[in-house]
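I have placed the structure first, in the form of structure tokens, so that the comments after it can refer back to it.
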Amino acid sequence: MGHHKLQRFAENLTFPNLFQVGFDQLEQEGFALRGRWSDHFGNNNPITLELGCGKGDYTVALARIHPDRNYIGVDIKGARLWRGAKTAVEEPLPNVAFIRTHIELIDRFFAAGEVSEIWITFCDPQLKKPNKRLTSPRFLDTYSRILAPQSTLHLKTDSQELYDYTLNEVLPTRDVEVMDATADLYGAAEQASLDEAKMTQTFYEKMYLEVGKPITYIRWKIK
């Protein structure tokens, strides 16, 4: 393991906005802030999650734009989370937090109705394992246990396969309203509802755009 990665793991332990809880601890003790995130943020503002957040590009960018909302990035890679957590401490951005965990455990960290919005940005499309896709019925069922009524979800990905799977196979089976869907976000006609999706470009998004790969986007609401 690289020296820089070890340094980042050590620094992660000092960040007040980064939470790391092992599976055994979750099983035995649960997560102290579950249902009580207002204690951490000091307010009852709506909570938005970025799942598979990597370096937390969206978490940080959206928190800057919307100080009246709380943003929490979730990823299993601690070395990546370091960047977002450090930025949020340095600026500072008191409405930002991060959780290091597997996304399938997300309902261990939030109570029913505690989350009002989810962003899924450039996740692994899991082309050979549909059940592991972050928009599969299995995961959407997990999200439904923590989302409030009328919550909004966003999928932004370079994977045409994941876009088609989500839009044409999964969402038609759910009680949702698809509000936006485009297979080429930056080639789509200008419309205000796409502005937020275009506002921030992640590290991976910039890389894909440089090689001419279209970015797809879906926004839907739970009825």
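To be explicit about the labels: the chains of the structure tokens are called A, B, and onward in the order shown, and within each one the residues are counted from 1, while ligands get numbers from 1 in the order they are shown.
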Contact table segment 60-115 of chain A vs segment 195-215 of chain A, cut-off 10 Å, shortest pair per residue, only C-alpha atoms, as a tab-separated table:
```
residue	atom	partner	partner_atom	distance
A:Val60	CA	A:Thr200	CA	9.8
A:Ala61	CA	A:Thr200	CA	6.7
A:Leu62	CA	A:Thr200	CA	8.1
A:Ile65	CA	A:Glu196	CA	9.9
```
Include all heavy atoms and write out the residues we just selected as a compact mmCIF listing (two decimals), in the first residue's frame.
```
# COMPACT_ATOMS: atom_id res chain seq x y z
N VAL A 60 -19.66 18.05 -2.55
CA VAL A 60 -19.07 19.34 -2.23
C VAL A 60 -19.66 20.46 -3.08
O VAL A 60 -20.02 21.53 -2.57
CB VAL A 60 -17.54 19.28 -2.38
CG1 VAL A 60 -16.92 20.67 -2.32
CG2 VAL A 60 -16.94 18.38 -1.30
N ALA A 61 -19.77 20.23 -4.38
CA ALA A 61 -20.27 21.28 -5.27
C ALA A 61 -21.70 21.67 -4.95
O ALA A 61 -22.04 22.86 -4.91
CB ALA A 61 -20.17 20.80 -6.72
N LEU A 62 -22.56 20.69 -4.73
CA LEU A 62 -23.95 21.00 -4.42
C LEU A 62 -24.08 21.67 -3.06
O LEU A 62 -24.95 22.53 -2.86
CB LEU A 62 -24.79 19.73 -4.47
CG LEU A 62 -24.99 19.11 -5.85
CD1 LEU A 62 -25.71 17.77 -5.74
CD2 LEU A 62 -25.77 20.04 -6.77
N ILE A 65 -23.57 25.31 -3.41
CA ILE A 65 -24.69 25.99 -4.07
C ILE A 65 -25.91 26.09 -3.16
O ILE A 65 -26.65 27.07 -3.19
CB ILE A 65 -25.08 25.23 -5.37
CG1 ILE A 65 -23.90 25.24 -6.35
CG2 ILE A 65 -26.30 25.85 -6.02
CD1 ILE A 65 -24.08 24.27 -7.50
```
Checklist entry - Which residues come within 9 Å of Met179 of chain A, counting only C-alpha atoms, excluding same-chain residues fewer than 5 positions away, as a ChimeraX atom specification? => result /A:193,218-221
Please, could you write that set of residues out with N, CA and C atoms as a PDB file, in the first residue's frame?
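As a result, part04.pdb now contains:
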```
ATOM      1  N   SER A 193     -34.478  22.311 -16.295  1.00  0.00           N
ATOM      2  CA  SER A 193     -34.455  21.157 -15.398  1.00  0.00           C
ATOM      3  C   SER A 193     -33.158  20.361 -15.482  1.00  0.00           C
ATOM      4  N   ILE A 218     -30.801  10.681 -15.887  1.00  0.00           N
ATOM      5  CA  ILE A 218     -32.223  10.426 -15.591  1.00  0.00           C
ATOM      6  C   ILE A 218     -32.541  11.060 -14.241  1.00  0.00           C
ATOM      7  N   ARG A 219     -33.683  11.704 -14.166  1.00  0.00           N
ATOM      8  CA  ARG A 219     -34.188  12.228 -12.890  1.00  0.00           C
ATOM      9  C   ARG A 219     -35.605  11.718 -12.709  1.00  0.00           C
ATOM     10  N   TRP A 220     -35.863  11.101 -11.560  1.00  0.00           N
ATOM     11  CA  TRP A 220     -37.206  10.602 -11.312  1.00  0.00           C
ATOM     12  C   TRP A 220     -37.638  10.855  -9.875  1.00  0.00           C
ATOM     13  N   LYS A 221     -38.934  10.843  -9.674  1.00  0.00           N
ATOM     14  CA  LYS A 221     -39.490  11.138  -8.353  1.00  0.00           C
ATOM     15  C   LYS A 221     -40.371   9.976  -7.908  1.00  0.00           C
TER      16      LYS A 221
END
```
Item to check | Interatomic distance (Å, one decimal) between atom CA of Thr157 of chain A and atom CA of Phe122 of chain A | outcome: 4.5 Å
Excluding same-chain residues fewer than 6 positions from segment 93-101 of chain A, what lies within 6 Å of it counting only C-alpha atoms, as a JSON list (two decimals) with all heavy atoms, in the first residue's frame?
```json
[["chain", "number", "residue", "atom", "x", "y", "z"],
["A", 17, "ASN", "N", -16.16, 15.14, 9.96],
["A", 17, "ASN", "CA", -17.25, 14.98, 9.00],
["A", 17, "ASN", "C", -17.20, 13.65, 8.27],
["A", 17, "ASN", "O", -17.97, 13.44, 7.31],
["A", 17, "ASN", "CB", -17.26, 16.13, 8.00],
["A", 17, "ASN", "CG", -15.96, 16.20, 7.18],
["A", 17, "ASN", "OD1", -15.04, 15.41, 7.39],
["A", 17, "ASN", "ND2", -15.88, 17.15, 6.26],
["A", 18, "LEU", "N", -16.31, 12.73, 8.66],
["A", 18, "LEU", "CA", -16.18, 11.44, 8.00],
["A", 18, "LEU", "C", -16.44, 10.32, 9.01],
["A", 18, "LEU", "O", -15.76, 10.23, 10.03],
["A", 18, "LEU", "CB", -14.78, 11.29, 7.40],
["A", 18, "LEU", "CG", -14.43, 9.93, 6.76],
["A", 18, "LEU", "CD1", -15.45, 9.55, 5.68],
["A", 18, "LEU", "CD2", -13.02, 9.97, 6.18],
["A", 19, "PHE", "N", -17.42, 9.48, 8.68],
["A", 19, "PHE", "CA", -17.84, 8.41, 9.60],
["A", 19, "PHE", "C", -17.50, 7.05, 9.00],
["A", 19, "PHE", "O", -17.84, 6.76, 7.86],
["A", 19, "PHE", "CB", -19.34, 8.51, 9.88],
["A", 19, "PHE", "CG", -19.73, 9.82, 10.50],
["A", 19, "PHE", "CD1", -20.09, 10.91, 9.71],
["A", 19, "PHE", "CD2", -19.70, 9.98, 11.87],
["A", 19, "PHE", "CE1", -20.43, 12.13, 10.28],
["A", 19, "PHE", "CE2", -20.04, 11.20, 12.46],
["A", 19, "PHE", "CZ", -20.41, 12.27, 11.66],
["A", 20, "GLN", "N", -16.81, 6.23, 9.79],
["A", 20, "GLN", "CA", -16.42, 4.89, 9.38],
["A", 20, "GLN", "C", -16.84, 3.92, 10.48],
["A", 20, "GLN", "O", -16.33, 4.00, 11.60],
["A", 20, "GLN", "CB", -14.90, 4.81, 9.16],
["A", 20, "GLN", "CG", -14.36, 5.85, 8.20],
["A", 20, "GLN", "CD", -12.86, 5.74, 8.02],
["A", 20, "GLN", "OE1", -12.38, 4.88, 7.29],
["A", 20, "GLN", "NE2", -12.10, 6.61, 8.68],
["A", 70, "ASN", "N", -28.36, 19.67, 3.54],
["A", 70, "ASN", "CA", -27.22, 18.89, 4.02],
["A", 70, "ASN", "C", -26.88, 17.81, 3.01],
["A", 70, "ASN", "O", -27.78, 17.17, 2.45],
["A", 70, "ASN", "CB", -27.54, 18.25, 5.38],
["A", 70, "ASN", "CG", -27.82, 19.30, 6.44],
["A", 70, "ASN", "OD1", -27.16, 20.33, 6.50],
["A", 70, "ASN", "ND2", -28.82, 19.05, 7.29],
["A", 71, "TYR", "N", -25.59, 17.60, 2.77],
["A", 71, "TYR", "CA", -25.13, 16.65, 1.75],
["A", 71, "TYR", "C", -24.19, 15.62, 2.38],
["A", 71, "TYR", "O", -23.27, 15.97, 3.13],
["A", 71, "TYR", "CB", -24.41, 17.39, 0.62],
["A", 71, "TYR", "CG", -25.37, 18.21, -0.21],
["A", 71, "TYR", "CD1", -25.70, 19.51, 0.17],
["A", 71, "TYR", "CD2", -26.00, 17.68, -1.34],
["A", 71, "TYR", "CE1", -26.61, 20.25, -0.56],
["A", 71, "TYR", "CE2", -26.90, 18.42, -2.06],
["A", 71, "TYR", "CZ", -27.21, 19.70, -1.68],
["A", 71, "TYR", "OH", -28.13, 20.43, -2.40],
["A", 72, "ILE", "N", -24.43, 14.34, 2.04],
["A", 72, "ILE", "CA", -23.63, 13.25, 2.58],
["A", 72, "ILE", "C", -23.19, 12.36, 1.43],
["A", 72, "ILE", "O", -24.01, 11.82, 0.69],
["A", 72, "ILE", "CB", -24.43, 12.43, 3.61],
["A", 72, "ILE", "CG1", -24.91, 13.34, 4.75],
["A", 72, "ILE", "CG2", -23.56, 11.30, 4.16],
["A", 72, "ILE", "CD1", -25.83, 12.63, 5.75],
["A", 73, "GLY", "N", -21.87, 12.23, 1.27],
["A", 73, "GLY", "CA", -21.31, 11.34, 0.25],
["A", 73, "GLY", "C", -21.02, 9.98, 0.84],
["A", 73, "GLY", "O", -20.56, 9.87, 1.99],
["A", 74, "VAL", "N", -21.28, 8.93, 0.06],
["A", 74, "VAL", "CA", -21.11, 7.56, 0.54],
["A", 74, "VAL", "C", -20.23, 6.80, -0.44],
["A", 74, "VAL", "O", -20.50, 6.78, -1.65],
["A", 74, "VAL", "CB", -22.47, 6.84, 0.69],
["A", 74, "VAL", "CG1", -22.28, 5.43, 1.23],
["A", 74, "VAL", "CG2", -23.42, 7.64, 1.58],
["A", 75, "ASP", "N", -19.19, 6.16, 0.07],
["A", 75, "ASP", "CA", -18.30, 5.35, -0.76],
["A", 75, "ASP", "C", -17.55, 4.40, 0.16],
["A", 75, "ASP", "O", -17.47, 4.63, 1.36],
["A", 75, "ASP", "CB", -17.31, 6.23, -1.54],
["A", 75, "ASP", "CG", -16.83, 5.58, -2.82],
["A", 75, "ASP", "OD1", -16.08, 4.58, -2.74],
["A", 75, "ASP", "OD2", -17.20, 6.05, -3.92],
["A", 76, "ILE", "N", -16.99, 3.34, -0.41],
["A", 76, "ILE", "CA", -16.22, 2.38, 0.38],
["A", 76, "ILE", "C", -14.73, 2.68, 0.31],
["A", 76, "ILE", "O", -13.94, 2.15, 1.10],
["A", 76, "ILE", "CB", -16.51, 0.92, -0.08],
["A", 76, "ILE", "CG1", -15.97, -0.09, 0.94],
["A", 76, "ILE", "CG2", -15.96, 0.68, -1.48],
["A", 76, "ILE", "CD1", -16.51, 0.04, 2.34]]
```
Next on the checklist: Taking the DSSP secondary structure from the backbone, can you list the residues of chain A that are strand (DSSP E), as a PyMOL selection string?
Outcome noted: chain A and resi 18-20+47-51+70-75+96-100+115-121+147-157+176-182+216-222
Checklist entry - Near Leu155 of chain A, counting only C-alpha atoms, which residues have an atom at most 10 Å away, once you skip same-chain residues fewer than 5 positions from it, shown as a list in words? => result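 Returned residues: Leu51, Ile118, Trp119, Ile120, Thr121, Phe122, Cys123, Leu134, Thr135, Leu162, Tyr163, Thr166, Leu167, Ala181, Ala197, Thr216, Tyr217, Ile218, Arg219 and Trp220 of chain A.
Distances here use only C-alpha atoms; by that measure, the residue among A:Ala88, A:Val178, A:Leu147, A:Ala79 closest to Leu49 of chain A is A:Leu147.
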Checklist entry - Residues of chain A in alpha helix (DSSP H) according to DSSP, as an MDAnalysis selection string? => result chainID A and resid 3:12 23:29 37:41 57:65 78:90 137:144 160:164 195:199 203:210
